[in-house]
>>> print(open('entry-v7.cif').read())   # mmCIF, C-alpha atoms
data_my_file
#
loop_
_atom_site.label_atom_id
_atom_site.label_comp_id
_atom_site.auth_asym_id
_atom_site.auth_seq_id
_atom_site.Cartn_x
_atom_site.Cartn_y
_atom_site.Cartn_z
CA MET A 1 -62.32 61.31 -28.02
CA ALA A 2 -59.97 60.79 -25.06
CA VAL A 3 -57.14 58.34 -25.70
CA LEU A 4 -56.21 55.77 -23.08
CA VAL A 5 -52.71 56.16 -21.68
CA ARG A 6 -51.11 52.73 -21.60
CA ALA A 7 -47.72 52.60 -19.91
CA GLU A 8 -45.36 49.65 -20.29
CA LEU A 9 -43.30 49.62 -17.11
CA THR A 10 -39.73 48.44 -17.55
CA GLY A 11 -38.31 49.66 -14.26
CA GLU A 12 -38.54 52.04 -11.33
CA ALA A 13 -38.16 55.16 -13.48
CA ASP A 14 -41.26 54.30 -15.52
CA ALA A 15 -43.17 53.50 -12.36
CA ALA A 16 -42.22 56.81 -10.79
CA ALA A 17 -43.29 58.72 -13.90
CA LEU A 18 -46.64 56.96 -13.95
CA ALA A 19 -47.21 57.63 -10.24
CA ALA A 20 -46.38 61.30 -10.75
CA ARG A 21 -48.78 61.53 -13.68
CA SER A 22 -51.57 59.96 -11.62
CA ALA A 23 -50.93 62.33 -8.71
CA ALA A 24 -51.16 65.28 -11.07
CA ALA A 25 -54.67 64.17 -12.09
CA ALA A 26 -56.13 64.98 -8.66
CA PRO A 27 -58.47 67.71 -10.08
CA SER A 28 -60.72 64.87 -11.29
CA ALA A 29 -62.12 64.97 -7.76
CA ALA A 30 -63.62 68.36 -8.61
CA LEU A 31 -66.03 66.88 -11.16
CA PRO A 32 -69.54 67.64 -9.89
CA THR A 33 -71.70 64.81 -8.61
CA HIS A 34 -74.07 64.80 -11.55
CA ARG A 35 -71.14 64.47 -13.98
CA ARG A 36 -69.66 61.49 -12.15
CA ALA A 37 -73.05 59.79 -11.94
CA LYS A 38 -73.72 60.38 -15.65
CA ILE A 39 -70.28 59.04 -16.60
CA LEU A 40 -70.92 55.86 -14.65
CA SER A 41 -74.39 55.40 -16.10
CA ALA A 42 -73.11 55.96 -19.64
CA ALA A 43 -70.33 53.42 -19.07
CA ALA A 44 -72.89 50.90 -17.79
CA ASP A 45 -75.00 51.39 -20.92
CA ALA A 46 -71.95 50.97 -23.15
CA ILE A 47 -70.91 47.74 -21.42
CA SER A 48 -74.42 46.40 -21.87
CA ALA A 49 -74.43 47.39 -25.53
CA GLU A 50 -71.24 45.49 -26.29
CA SER A 51 -71.63 42.74 -23.73
CA GLU A 52 -71.33 39.96 -26.29
CA SER A 53 -68.04 41.22 -27.73
CA LEU A 54 -66.70 41.74 -24.21
CA ALA A 55 -67.72 38.20 -23.26
CA ARG A 56 -65.97 36.76 -26.30
CA LEU A 57 -62.87 38.80 -25.51
CA ILE A 58 -62.85 37.27 -22.02
CA VAL A 59 -63.12 33.79 -23.55
CA GLU A 60 -60.25 34.55 -25.90
CA GLU A 61 -57.95 35.97 -23.23
CA VAL A 62 -58.54 33.73 -20.20
CA GLN A 63 -60.48 30.72 -21.55
CA LYS A 64 -63.54 31.36 -19.40
CA PRO A 65 -66.58 29.42 -20.69
CA LEU A 66 -68.78 31.67 -22.79
CA LYS A 67 -71.85 31.31 -20.56
CA ALA A 68 -69.81 32.47 -17.55
CA ALA A 69 -68.19 35.29 -19.54
CA ARG A 70 -71.62 36.55 -20.58
CA GLY A 71 -72.63 36.59 -16.93
CA GLU A 72 -69.52 38.55 -16.05
CA ALA A 73 -70.24 41.21 -18.67
CA ALA A 74 -73.76 41.66 -17.31
CA ARG A 75 -72.41 41.96 -13.78
CA ALA A 76 -69.87 44.59 -14.85
CA ALA A 77 -72.65 46.78 -16.23
CA ALA A 78 -74.57 46.34 -12.97
CA THR A 79 -71.48 47.29 -10.97
CA PHE A 80 -71.23 50.61 -12.82
CA ARG A 81 -74.93 51.28 -12.28
CA LEU A 82 -74.56 50.64 -8.55
CA ALA A 83 -71.59 53.01 -8.44
CA ALA A 84 -73.63 55.71 -10.20
CA GLY A 85 -76.11 55.55 -7.35
CA GLU A 86 -73.32 55.76 -4.78
CA ALA A 87 -71.93 58.87 -6.46
CA GLU A 88 -75.28 60.56 -5.77
CA ARG A 89 -75.33 59.34 -2.15
CA LEU A 90 -71.81 60.41 -1.21
CA GLY A 91 -72.85 62.75 1.59
CA GLY A 92 -71.88 63.51 5.18
CA GLU A 93 -73.51 64.59 8.42
CA VAL A 94 -74.09 67.61 10.62
CA LEU A 95 -72.95 67.32 14.24
CA PRO A 96 -74.36 69.26 17.20
CA LEU A 97 -71.26 70.30 19.13
CA ASP A 98 -72.81 72.58 21.76
CA LEU A 99 -72.77 69.79 24.30
CA ASP A 100 -71.20 71.84 27.10
CA GLU A 101 -70.74 75.51 27.95
CA ALA A 102 -67.35 75.72 26.25
CA SER A 103 -68.86 74.54 22.96
CA GLU A 104 -71.92 76.77 22.82
CA GLY A 105 -72.64 78.18 19.38
CA ARG A 106 -70.56 75.58 17.56
CA TRP A 107 -71.66 72.97 15.03
CA GLY A 108 -69.76 70.54 12.84
CA LEU A 109 -70.01 69.33 9.27
CA VAL A 110 -68.43 66.01 8.24
CA ARG A 111 -67.73 65.30 4.57
CA ARG A 112 -65.90 62.53 2.77
CA PHE A 113 -63.02 63.45 0.45
CA PRO A 114 -60.97 61.21 -1.88
CA ARG A 115 -57.88 59.80 -0.20
CA GLY A 116 -55.88 60.44 -3.36
CA PRO A 117 -54.64 58.54 -6.42
CA ALA A 118 -55.08 54.76 -6.27
CA LEU A 119 -53.26 51.72 -7.60
CA PHE A 120 -55.56 48.86 -8.62
CA ILE A 121 -54.11 45.40 -9.32
CA THR A 122 -56.51 42.81 -10.76
CA PRO A 123 -56.27 39.07 -11.56
CA PHE A 124 -57.09 37.04 -14.66
CA ASN A 125 -60.19 35.20 -13.47
CA PHE A 126 -62.70 38.09 -13.61
CA PRO A 127 -60.82 40.50 -15.88
CA LEU A 128 -63.83 42.74 -16.51
CA ASN A 129 -65.93 42.76 -13.35
CA LEU A 130 -63.09 42.86 -10.82
CA ALA A 131 -61.61 45.81 -12.68
CA ALA A 132 -65.10 47.36 -12.63
CA HIS A 133 -65.32 46.81 -8.86
CA LYS A 134 -62.24 48.99 -8.45
CA ALA A 135 -62.66 51.57 -11.20
CA ALA A 136 -66.38 52.34 -10.85
CA PRO A 137 -66.26 53.29 -7.12
CA ALA A 138 -63.14 55.35 -7.89
CA VAL A 139 -65.14 57.41 -10.38
CA ALA A 140 -67.99 57.71 -7.86
CA ALA A 141 -65.53 59.04 -5.26
CA GLY A 142 -63.71 61.25 -7.76
CA LEU A 143 -60.21 59.83 -7.50
CA PRO A 144 -57.70 59.12 -10.27
CA PHE A 145 -56.20 55.66 -10.55
CA VAL A 146 -53.66 53.40 -12.19
CA LEU A 147 -55.02 49.99 -13.22
CA LYS A 148 -52.52 47.11 -13.46
CA PRO A 149 -54.31 44.02 -14.86
CA ASP A 150 -52.96 40.50 -15.02
CA PRO A 151 -50.70 40.21 -18.12
CA ARG A 152 -53.06 37.55 -19.49
CA ALA A 153 -56.05 39.91 -19.49
CA VAL A 154 -54.70 43.28 -20.60
CA ARG A 155 -57.03 43.74 -23.58
CA THR A 156 -60.17 43.29 -21.49
CA ALA A 157 -58.96 45.85 -18.95
CA ALA A 158 -57.95 48.27 -21.69
CA ARG A 159 -61.37 48.02 -23.34
CA LEU A 160 -63.08 48.75 -20.02
CA LEU A 161 -61.02 51.90 -19.55
CA GLU A 162 -61.67 52.97 -23.14
CA ILE A 163 -65.39 52.68 -22.44
CA LEU A 164 -64.98 54.74 -19.29
CA LEU A 165 -63.07 57.50 -21.11
CA ALA A 166 -65.64 57.56 -23.92
CA ALA A 167 -68.30 58.07 -21.24
CA GLY A 168 -66.54 61.25 -20.11
CA TRP A 169 -64.00 60.33 -17.43
CA PRO A 170 -60.76 62.37 -17.91
CA ALA A 171 -58.01 60.43 -19.68
CA GLU A 172 -55.39 61.64 -17.19
CA ALA A 173 -57.41 60.10 -14.34
CA ALA A 174 -57.40 56.47 -15.62
CA LEU A 175 -54.00 55.07 -16.56
CA LEU A 176 -53.29 51.49 -17.65
CA ALA A 177 -50.02 49.90 -16.52
CA THR A 178 -48.38 46.75 -17.79
CA GLY A 179 -44.99 45.28 -17.02
CA PRO A 180 -42.99 42.94 -14.79
CA HIS A 181 -43.52 42.38 -11.07
CA GLU A 182 -40.48 44.49 -10.13
CA ALA A 183 -41.98 47.59 -11.74
CA VAL A 184 -45.32 46.93 -10.04
CA GLU A 185 -43.58 46.78 -6.68
CA ALA A 186 -42.06 50.18 -7.42
CA LEU A 187 -45.59 51.54 -7.91
CA VAL A 188 -46.66 49.95 -4.62
CA ARG A 189 -43.80 51.67 -2.80
CA ASP A 190 -44.45 55.09 -4.35
CA ASP A 191 -46.01 57.39 -1.73
CA ARG A 192 -47.74 59.54 -4.36
CA LEU A 193 -50.27 56.74 -4.77
CA LYS A 194 -52.39 56.81 -1.61
CA ILE A 195 -54.47 53.62 -2.02
CA LEU A 196 -53.58 50.06 -2.95
CA SER A 197 -56.43 47.71 -3.86
CA PHE A 198 -55.20 44.25 -4.80
CA THR A 199 -57.10 41.11 -5.81
CA GLY A 200 -55.08 37.94 -6.16
CA SER A 201 -53.19 35.33 -4.20
CA SER A 202 -52.58 35.62 -0.47
CA ARG A 203 -48.83 35.23 -0.91
CA VAL A 204 -48.54 38.18 -3.30
CA GLY A 205 -51.13 40.32 -1.52
CA TRP A 206 -49.48 40.26 1.89
CA ARG A 207 -46.08 40.90 0.32
CA LEU A 208 -47.40 43.98 -1.46
CA LYS A 209 -48.94 45.21 1.77
CA SER A 210 -45.53 44.97 3.44
CA LEU A 211 -44.15 47.25 0.70
CA SER A 212 -47.01 49.73 0.67
CA GLY A 213 -45.80 52.17 3.31
CA LYS A 214 -48.51 54.63 4.38
CA LYS A 215 -51.06 53.60 1.78
CA HIS A 216 -54.62 52.65 2.64
CA VAL A 217 -54.66 48.97 1.64
CA LEU A 218 -57.48 46.71 0.51
CA LEU A 219 -56.72 43.04 -0.13
CA GLU A 220 -59.19 40.57 -1.65
CA LEU A 221 -57.27 37.32 -1.50
CA GLY A 222 -57.76 33.56 -1.59
CA GLY A 223 -60.19 31.20 0.06
CA SER A 224 -61.00 27.59 0.81
CA ALA A 225 -64.77 27.84 0.93
CA GLY A 226 -66.63 25.35 3.09
CA VAL A 227 -70.26 24.23 2.83
CA TYR A 228 -72.46 22.33 5.26
CA VAL A 229 -75.44 20.30 4.01
CA GLY A 230 -77.78 19.68 6.93
CA PRO A 231 -80.24 16.79 7.42
CA ASP A 232 -83.14 19.12 6.61
CA ALA A 233 -81.61 20.48 3.40
CA ASP A 234 -83.26 20.37 -0.02
CA LEU A 235 -80.77 17.79 -1.26
CA PRO A 236 -81.36 18.06 -5.04
CA TRP A 237 -80.97 21.83 -4.82
CA ALA A 238 -77.88 21.58 -2.60
CA ALA A 239 -76.25 19.01 -4.89
CA ALA A 240 -76.90 21.05 -8.03
CA ARG A 241 -75.57 24.22 -6.44
CA CYS A 242 -72.48 22.52 -5.02
CA ALA A 243 -71.68 21.11 -8.46
CA TRP A 244 -71.94 24.59 -9.95
CA GLY A 245 -70.09 26.27 -7.09
CA ALA A 246 -67.19 23.84 -7.15
CA TYR A 247 -66.58 23.50 -10.88
CA ALA A 248 -67.79 26.63 -12.69
CA TYR A 249 -64.86 28.16 -14.58
CA SER A 250 -62.82 25.14 -13.49
CA GLY A 251 -62.96 26.27 -9.86
CA GLN A 252 -60.86 29.34 -10.60
CA THR A 253 -62.67 31.67 -8.23
CA CYS A 254 -61.62 32.54 -4.70
CA ILE A 255 -65.07 31.56 -3.40
CA SER A 256 -65.26 28.29 -5.30
CA VAL A 257 -66.72 25.45 -3.20
CA GLN A 258 -63.75 23.39 -2.04
CA ARG A 259 -64.90 21.57 1.13
CA ILE A 260 -68.34 19.97 1.42
CA TYR A 261 -69.47 18.63 4.80
CA VAL A 262 -72.68 16.60 4.90
CA ALA A 263 -74.79 15.34 7.79
CA GLU A 264 -74.23 11.59 8.20
CA SER A 265 -77.95 10.81 7.92
CA VAL A 266 -78.16 12.19 4.35
CA HIS A 267 -74.57 11.71 3.26
CA LYS A 268 -75.02 8.78 0.85
CA GLN A 269 -78.15 10.22 -0.73
CA PHE A 270 -76.47 13.60 -1.22
CA ARG A 271 -73.35 11.98 -2.65
CA ARG A 272 -75.38 10.12 -5.29
CA LEU A 273 -77.08 13.35 -6.33
CA LEU A 274 -73.82 15.31 -6.37
CA VAL A 275 -71.97 12.72 -8.47
CA ARG A 276 -74.85 12.71 -10.95
CA ASN A 277 -74.72 16.52 -11.20
CA VAL A 278 -70.96 16.50 -11.67
CA GLU A 279 -71.15 13.88 -14.41
CA GLU A 280 -73.71 16.03 -16.26
CA LEU A 281 -71.31 18.98 -16.51
CA LYS A 282 -70.07 19.59 -20.05
CA VAL A 283 -66.27 19.76 -20.22
CA GLY A 284 -64.43 21.15 -23.23
CA ASP A 285 -64.19 24.15 -25.54
CA PRO A 286 -64.83 27.40 -23.63
CA SER A 287 -66.21 29.08 -26.76
CA ASP A 288 -69.05 26.54 -26.90
CA PRO A 289 -72.10 28.11 -25.19
CA ALA A 290 -72.95 24.74 -23.62
CA THR A 291 -69.58 24.27 -21.89
CA ASP A 292 -69.54 24.39 -18.09
CA VAL A 293 -65.90 23.47 -17.43
CA GLY A 294 -63.11 24.56 -19.75
CA PRO A 295 -59.33 24.55 -19.38
CA LEU A 296 -57.47 26.05 -16.48
CA ILE A 297 -55.55 29.23 -17.19
CA ASP A 298 -52.45 27.19 -18.11
CA GLU A 299 -51.22 23.60 -18.09
CA ASP A 300 -48.99 24.16 -15.06
CA SER A 301 -52.08 24.97 -12.99
CA ALA A 302 -53.80 21.80 -14.18
CA VAL A 303 -50.72 19.73 -13.35
CA ARG A 304 -50.59 21.20 -9.84
CA VAL A 305 -54.25 20.38 -9.10
CA GLU A 306 -53.79 16.89 -10.57
CA LYS A 307 -50.85 16.32 -8.21
CA TRP A 308 -52.91 17.45 -5.23
CA VAL A 309 -55.66 14.97 -6.11
CA LYS A 310 -53.10 12.18 -6.53
CA ASP A 311 -51.56 13.07 -3.16
CA ALA A 312 -54.96 12.67 -1.48
CA LEU A 313 -55.62 9.37 -3.26
CA ASP A 314 -52.19 8.05 -2.28
CA LYS A 315 -53.11 8.80 1.35
CA GLY A 316 -56.29 6.75 1.17
CA ALA A 317 -58.93 9.10 -0.26
CA LYS A 318 -61.54 7.85 -2.75
CA LEU A 319 -62.30 9.45 -6.11
CA TRP A 320 -66.04 9.62 -6.90
CA ALA A 321 -65.74 11.74 -10.04
CA GLY A 322 -62.87 12.84 -12.23
CA GLY A 323 -60.67 11.63 -15.03
CA PRO A 324 -57.30 11.97 -16.74
CA ARG A 325 -55.96 15.42 -17.50
CA ARG A 326 -55.88 16.54 -21.14
CA GLY A 327 -53.42 19.40 -21.33
CA ALA A 328 -54.91 22.29 -19.34
CA ILE A 329 -58.30 20.56 -19.05
CA LEU A 330 -58.87 18.62 -15.84
CA PRO A 331 -62.28 16.94 -15.53
CA PRO A 332 -64.17 17.84 -12.33
CA ALA A 333 -62.83 15.79 -9.42
CA LEU A 334 -64.79 14.85 -6.29
CA VAL A 335 -62.67 13.29 -3.56
CA GLU A 336 -63.81 11.77 -0.24
CA GLY A 337 -61.74 10.90 2.81
CA VAL A 338 -59.09 13.54 2.24
CA PRO A 339 -56.57 13.70 5.13
CA ALA A 340 -56.39 16.84 7.23
CA ASP A 341 -52.80 17.50 6.14
CA SER A 342 -53.55 17.27 2.41
CA PRO A 343 -53.15 20.43 0.30
CA LEU A 344 -56.78 19.93 -0.76
CA THR A 345 -57.77 20.53 2.85
CA CYS A 346 -55.19 23.13 3.85
CA GLU A 347 -54.64 25.28 0.76
CA GLU A 348 -56.67 27.03 -1.91
CA ALA A 349 -57.04 24.56 -4.79
CA PHE A 350 -58.13 27.14 -7.41
CA GLY A 351 -59.11 24.30 -9.70
CA PRO A 352 -61.95 21.87 -10.52
CA VAL A 353 -61.80 19.75 -7.35
CA ALA A 354 -63.85 19.46 -4.17
CA LEU A 355 -63.59 17.24 -1.13
CA LEU A 356 -66.56 15.53 0.50
CA GLU A 357 -66.88 14.46 4.15
CA ALA A 358 -69.67 13.13 6.34
CA VAL A 359 -69.94 14.83 9.75
CA PRO A 360 -71.79 13.67 12.90
CA SER A 361 -73.26 17.08 13.80
CA SER A 362 -73.67 20.66 12.72
CA ASP A 363 -71.16 21.75 15.37
CA ALA A 364 -68.60 19.37 13.87
CA ALA A 365 -69.29 20.90 10.45
CA LEU A 366 -68.76 24.43 11.75
CA GLU A 367 -65.49 23.38 13.35
CA ARG A 368 -64.25 21.96 10.06
CA ILE A 369 -65.39 24.95 8.01
CA ALA A 370 -63.50 27.25 10.41
CA ALA A 371 -60.37 25.06 10.44
CA THR A 372 -58.53 27.03 7.75
CA ARG A 373 -56.29 30.07 7.60
CA TYR A 374 -58.72 31.60 5.11
CA GLY A 375 -62.01 33.34 5.82
CA LEU A 376 -63.77 34.61 2.72
CA GLN A 377 -67.24 33.03 2.49
CA ALA A 378 -69.05 29.90 3.69
CA GLY A 379 -72.38 28.25 2.90
CA LEU A 380 -75.13 26.44 4.82
CA PHE A 381 -77.95 24.37 3.40
CA THR A 382 -80.47 24.27 6.24
CA ASN A 383 -83.74 25.74 7.49
CA ASP A 384 -82.60 25.60 11.13
CA LEU A 385 -82.53 29.26 12.14
CA ALA A 386 -80.78 28.48 15.39
CA LEU A 387 -77.95 26.90 13.40
CA VAL A 388 -77.85 29.87 11.03
CA ARG A 389 -77.48 32.26 13.96
CA ARG A 390 -74.83 30.08 15.60
CA ALA A 391 -72.86 29.84 12.37
CA PHE A 392 -73.13 33.58 11.72
CA GLU A 393 -71.71 34.27 15.18
CA ARG A 394 -68.98 31.61 15.11
CA LEU A 395 -67.62 31.32 11.58
CA PRO A 396 -64.68 33.70 10.90
CA VAL A 397 -65.71 34.64 7.35
CA GLY A 398 -66.61 37.77 5.46
CA GLY A 399 -69.93 36.36 4.27
CA LEU A 400 -72.24 33.47 5.15
CA ILE A 401 -74.64 32.30 2.42
CA VAL A 402 -77.69 30.31 3.58
CA ASN A 403 -79.34 27.78 1.27
CA ASP A 404 -76.82 28.46 -1.46
CA VAL A 405 -73.11 28.04 -2.04
CA PRO A 406 -70.43 30.52 -0.93
CA THR A 407 -69.64 31.00 -4.62
CA TRP A 408 -72.75 33.19 -4.82
CA ARG A 409 -72.10 36.92 -4.65
CA SER A 410 -74.17 40.02 -5.23
CA ASP A 411 -72.30 43.01 -6.59
CA ALA A 412 -74.39 45.16 -4.23
CA MET A 413 -73.13 43.55 -1.01
CA PRO A 414 -69.94 44.14 0.99
CA TYR A 415 -67.45 41.55 -0.17
CA GLY A 416 -64.14 40.56 1.38
CA GLY A 417 -62.56 38.29 3.93
CA VAL A 418 -60.73 37.95 7.22
CA ASN A 419 -57.49 36.27 8.27
CA ASP A 420 -55.46 35.29 5.18
CA SER A 421 -58.38 36.17 2.90
CA GLY A 422 -57.71 39.87 3.11
CA LEU A 423 -58.55 43.34 4.38
CA GLY A 424 -61.39 45.76 3.66
CA ARG A 425 -64.52 45.32 1.57
CA GLU A 426 -65.51 45.75 -2.05
CA GLY A 427 -68.98 46.47 -3.44
CA ALA A 428 -69.74 49.98 -4.67
CA ARG A 429 -70.94 51.48 -1.39
CA TRP A 430 -68.19 49.97 0.72
CA ALA A 431 -65.41 50.63 -1.78
CA VAL A 432 -66.39 54.30 -1.91
CA GLU A 433 -66.05 54.41 1.87
CA GLU A 434 -62.62 52.77 1.62
CA TYR A 435 -61.49 55.24 -1.05
CA THR A 436 -62.52 58.32 0.93
CA GLU A 437 -61.69 59.82 4.32
CA ARG A 438 -63.69 62.01 6.68
CA ARG A 439 -62.90 65.67 7.10
CA THR A 440 -64.59 67.80 9.75
CA LEU A 441 -65.51 71.49 9.53
CA VAL A 442 -66.25 73.22 12.87
CA VAL A 443 -68.11 76.55 12.77
CA ASN A 444 -68.36 78.96 15.69
CA ALA A 445 -71.54 80.88 15.07
#
>>> encode(input="entry-v7.cif", output="structure tokens")
Amino acid sequence: MAVLVRAELTGEADAAALAARSAAAAPSAALPTHRRAKILSAAADAISAESESLARLIVEEVQKPLKAARGEAARAAATFRLAAGEAERLGGEVLPLDLDEASEGRWGLVRRFPRGPALFITPFNFPLNLAAHKAAPAVAAGLPFVLKPDPRAVRTAARLLEILLAAGWPAEAALLATGPHEAVEALVRDDRLKILSFTGSSRVGWRLKSLSGKKHVLLELGGSAGVYVGPDADLPWAAARCAWGAYAYSGQTCISVQRIYVAESVHKQFRRLLVRNVEELKVGDPSDPATDVGPLIDEDSAVRVEKWVKDALDKGAKLWAGGPRRGAILPPALVEGVPADSPLTCEEAFGPVALLEAVPSSDAALERIAATRYGLQAGLFTNDLALVRRAFERLPVGGLIVNDVPTWRSDAMPYGGVNDSGLGREGARWAVEEYTERRTLVVNA
């Protein structure tokens, strides 16, 4: 059985050695299509078979509630299955080039080839599925990679790569890196790695891009997801979904619902429903299958979010739900009347808090949703197709979700943002396109 290479980076020399080793693994691109597809399918089956142990490992490492961790394990298996299909669809096109007298007898063939070895950097909040979203398309495209997980989720990432190697992917083509930020930056600067795909904070992502040189860069960064609840919305559904979207995994997702704008005519009714849904959430031990909201990743994060809520309250906002912090556990907070200059309005909270605001019109709601430096996803609860079209054309986001929260994501869709939310798109099909480049063959018959 292939043994996973796990490199502890202590400085630039280690980083350079790891980059050189990854570059030397380029022959993995020569694996035939059927082999790559079978490897991905076998990995998907293995993830499914040990989904419960993977879910419990996620709980242990990053304190994600068990029900959410089980969902993540199922999604990771689906991600590998989607990538298996993309491996079999990685084709090209034939071009007629005899479009003038000088080109008579010529035709062209366009194929996609791997850009080269990749560096993947993943965060703590989805330690299995976000690693899958980088590794599985890499296998489909046939490129070797170095995976650098968050230090708090190394065992989950290592287990995923062990599963991939057991399925048949060459050990030299999947390397696991751990170590301090300085060593990671050395990997980012190394020109032997041709792709950088980073998921994490905007501050770190844009810094790494500035160091990346000639690499092809994908950034999946932060968000401040906005939702509009229209006067025609199914209010019980919208309230239940907003409660889930804002507080699942303590709001530690980049598409967590953070800003909720509600039509004035239904505002009070919606607020009553939302508060009731929030109060029904079970807060506590993440290993309990009934828990909805567990601790944040560390106490410092909980303290930061608590301070942001207090800042809003000090400026005149009203707290409709919430409670005192207990270590890293912060009960779900719902705040109304948050000033425009509050961090809760301007920045990514990445915690169990959402702001609520009544708006006089749908146009006012769209203006507020767009009034952020982020642009990942947004949500609309409405059956007004004219509004849906207007929002789709006007909102600067990577995805617009209608009659559900922006926290919803399919692993089959293109996923990513604009502005400070990033560059490029994930999802198996679109990641394969990002990882490959077109090469043209011209034949003179």
>>> resolve_selection(input="entry-v7.cif", expression="the PyMOL selection byres ((chain A and resi 273-287) around 6)", output="list in words")
Gln63, Lys64, Pro65, Leu66, Ala239, Ala240, Ala243, Phe270, Arg271, Arg272, Asp288, Thr291, Asp292, Val293 and Gly294 of chain A
>>> write_last_selection(input="entry-v7.cif", atoms="C-alpha atoms", output="PDB file, keeping the file's coordinate frame")
ATOM      1  CA  GLN A  63     -60.480  30.720 -21.550  1.00  0.00           C
ATOM      2  CA  LYS A  64     -63.540  31.360 -19.400  1.00  0.00           C
ATOM      3  CA  PRO A  65     -66.580  29.420 -20.690  1.00  0.00           C
ATOM      4  CA  LEU A  66     -68.780  31.670 -22.790  1.00  0.00           C
ATOM      5  CA  ALA A 239     -76.250  19.010  -4.890  1.00  0.00           C
ATOM      6  CA  ALA A 240     -76.900  21.050  -8.030  1.00  0.00           C
ATOM      7  CA  ALA A 243     -71.680  21.110  -8.460  1.00  0.00           C
ATOM      8  CA  PHE A 270     -76.470  13.600  -1.220  1.00  0.00           C
ATOM      9  CA  ARG A 271     -73.350  11.980  -2.650  1.00  0.00           C
ATOM     10  CA  ARG A 272     -75.380  10.120  -5.290  1.00  0.00           C
ATOM     11  CA  ASP A 288     -69.050  26.540 -26.900  1.00  0.00           C
ATOM     12  CA  THR A 291     -69.580  24.270 -21.890  1.00  0.00           C
ATOM     13  CA  ASP A 292     -69.540  24.390 -18.090  1.00  0.00           C
ATOM     14  CA  VAL A 293     -65.900  23.470 -17.430  1.00  0.00           C
ATOM     15  CA  GLY A 294     -63.110  24.560 -19.750  1.00  0.00           C
TER      16      GLY A 294
END
>>> closest_atom_pairs(input="entry-v7.cif", of="stretch 161-200 of chain A", to="stretch 420-429 of chain A", cutoff="10 Å", atoms="all atoms listed in the file", output="JSON lines")
{"residue": "A:Ser197", "atom": "CA", "partner": "A:Gly424", "partner_atom": "CA", "distance": 9.2}
{"residue": "A:Phe198", "atom": "CA", "partner": "A:Gly422", "partner_atom": "CA", "distance": 9.4}
{"residue": "A:Thr199", "atom": "CA", "partner": "A:Gly422", "partner_atom": "CA", "distance": 9.0}
{"residue": "A:Gly200", "atom": "CA", "partner": "A:Ser421", "partner_atom": "CA", "distance": 9.8}
>>> residues_around(input="entry-v7.cif", residues="stretch 372-376 of chain A", least_positions_apart="2", cutoff="6 Å", atoms="only C-alpha atoms", output="number ranges by chain")
A: 223, 370, 396-398, 417-421
>>> resolve_selection(input="entry-v7.cif", expression="the PyMOL selection byres ((chain A and resi 21) around 12)", output="ChimeraX atom specification")
/A:5,7,14-20,22-26,117-118,144-146,171-176,187,192-193
>>> atom_distance(input="entry-v7.cif", atom1="atom CA of A:Ala138", atom2="atom CA of A:Ala73")
19.1 Å
>>> resolve_selection(input="entry-v7.cif", expression="the PyMOL selection byres ((chain A and resi 438) around 6)", output="PyMOL selection string")
chain A and resi 111-112+437+439
>>> write_last_selection(input="entry-v7.cif", atoms="C-alpha atoms", output="mmCIF file, in the coordinates of the input")
data_model
loop_
_atom_site.group_PDB
_atom_site.id
_atom_site.type_symbol
_atom_site.label_atom_id
_atom_site.label_comp_id
_atom_site.auth_asym_id
_atom_site.auth_seq_id
_atom_site.Cartn_x
_atom_site.Cartn_y
_atom_site.Cartn_z
ATOM 1 C CA ARG A 111 -67.730 65.300 4.570
ATOM 2 C CA ARG A 112 -65.900 62.530 2.770
ATOM 3 C CA GLU A 437 -61.690 59.820 4.320
ATOM 4 C CA ARG A 439 -62.900 65.670 7.100
#
>>> atom_distance(input="entry-v7.cif", atom1="atom CA of A:Ser201", atom2="atom CA of A:Leu40")
29.1 Å
>>> atom_distance(input="entry-v7.cif", atom1="atom CA of A:Ala364", atom2="atom CA of A:Tyr261")
9.1 Å
>>> closest_residue(input="entry-v7.cif", among="A:Val353, A:Gly337, A:Trp430, A:Pro414", to="A:Ala317", atoms="only C-alpha atoms")
A:Gly337
>>> closest_residue(input="entry-v7.cif", among="A:Ser51, A:Gly251, A:Lys134, A:Leu296", to="A:Ile163", atoms="only C-alpha atoms")
A:Ser51
>>> residues_around(input="entry-v7.cif", residues="A:Glu336", least_positions_apart="5", cutoff="12 Å", atoms="all atoms listed in the file", output="CSV table (one decimal) with C-alpha atoms, keeping the file's coordinate frame")
chain,number,residue,atom,x,y,z
A,258,GLN,CA,-63.8,23.4,-2.0
A,259,ARG,CA,-64.9,21.6,1.1
A,260,ILE,CA,-68.3,20.0,1.4
A,261,TYR,CA,-69.5,18.6,4.8
A,262,VAL,CA,-72.7,16.6,4.9
A,267,HIS,CA,-74.6,11.7,3.3
A,268,LYS,CA,-75.0,8.8,0.8
A,271,ARG,CA,-73.4,12.0,-2.6
A,275,VAL,CA,-72.0,12.7,-8.5
A,309,VAL,CA,-55.7,15.0,-6.1
A,312,ALA,CA,-55.0,12.7,-1.5
A,313,LEU,CA,-55.6,9.4,-3.3
A,315,LYS,CA,-53.1,8.8,1.4
A,316,GLY,CA,-56.3,6.8,1.2
A,317,ALA,CA,-58.9,9.1,-0.3
A,318,LYS,CA,-61.5,7.8,-2.8
A,319,LEU,CA,-62.3,9.4,-6.1
A,320,TRP,CA,-66.0,9.6,-6.9
A,321,ALA,CA,-65.7,11.7,-10.0
A,342,SER,CA,-53.6,17.3,2.4
A,344,LEU,CA,-56.8,19.9,-0.8
A,345,THR,CA,-57.8,20.5,2.8
A,353,VAL,CA,-61.8,19.8,-7.4
A,354,ALA,CA,-63.8,19.5,-4.2
A,355,LEU,CA,-63.6,17.2,-1.1
A,356,LEU,CA,-66.6,15.5,0.5
A,357,GLU,CA,-66.9,14.5,4.2
A,358,ALA,CA,-69.7,13.1,6.3
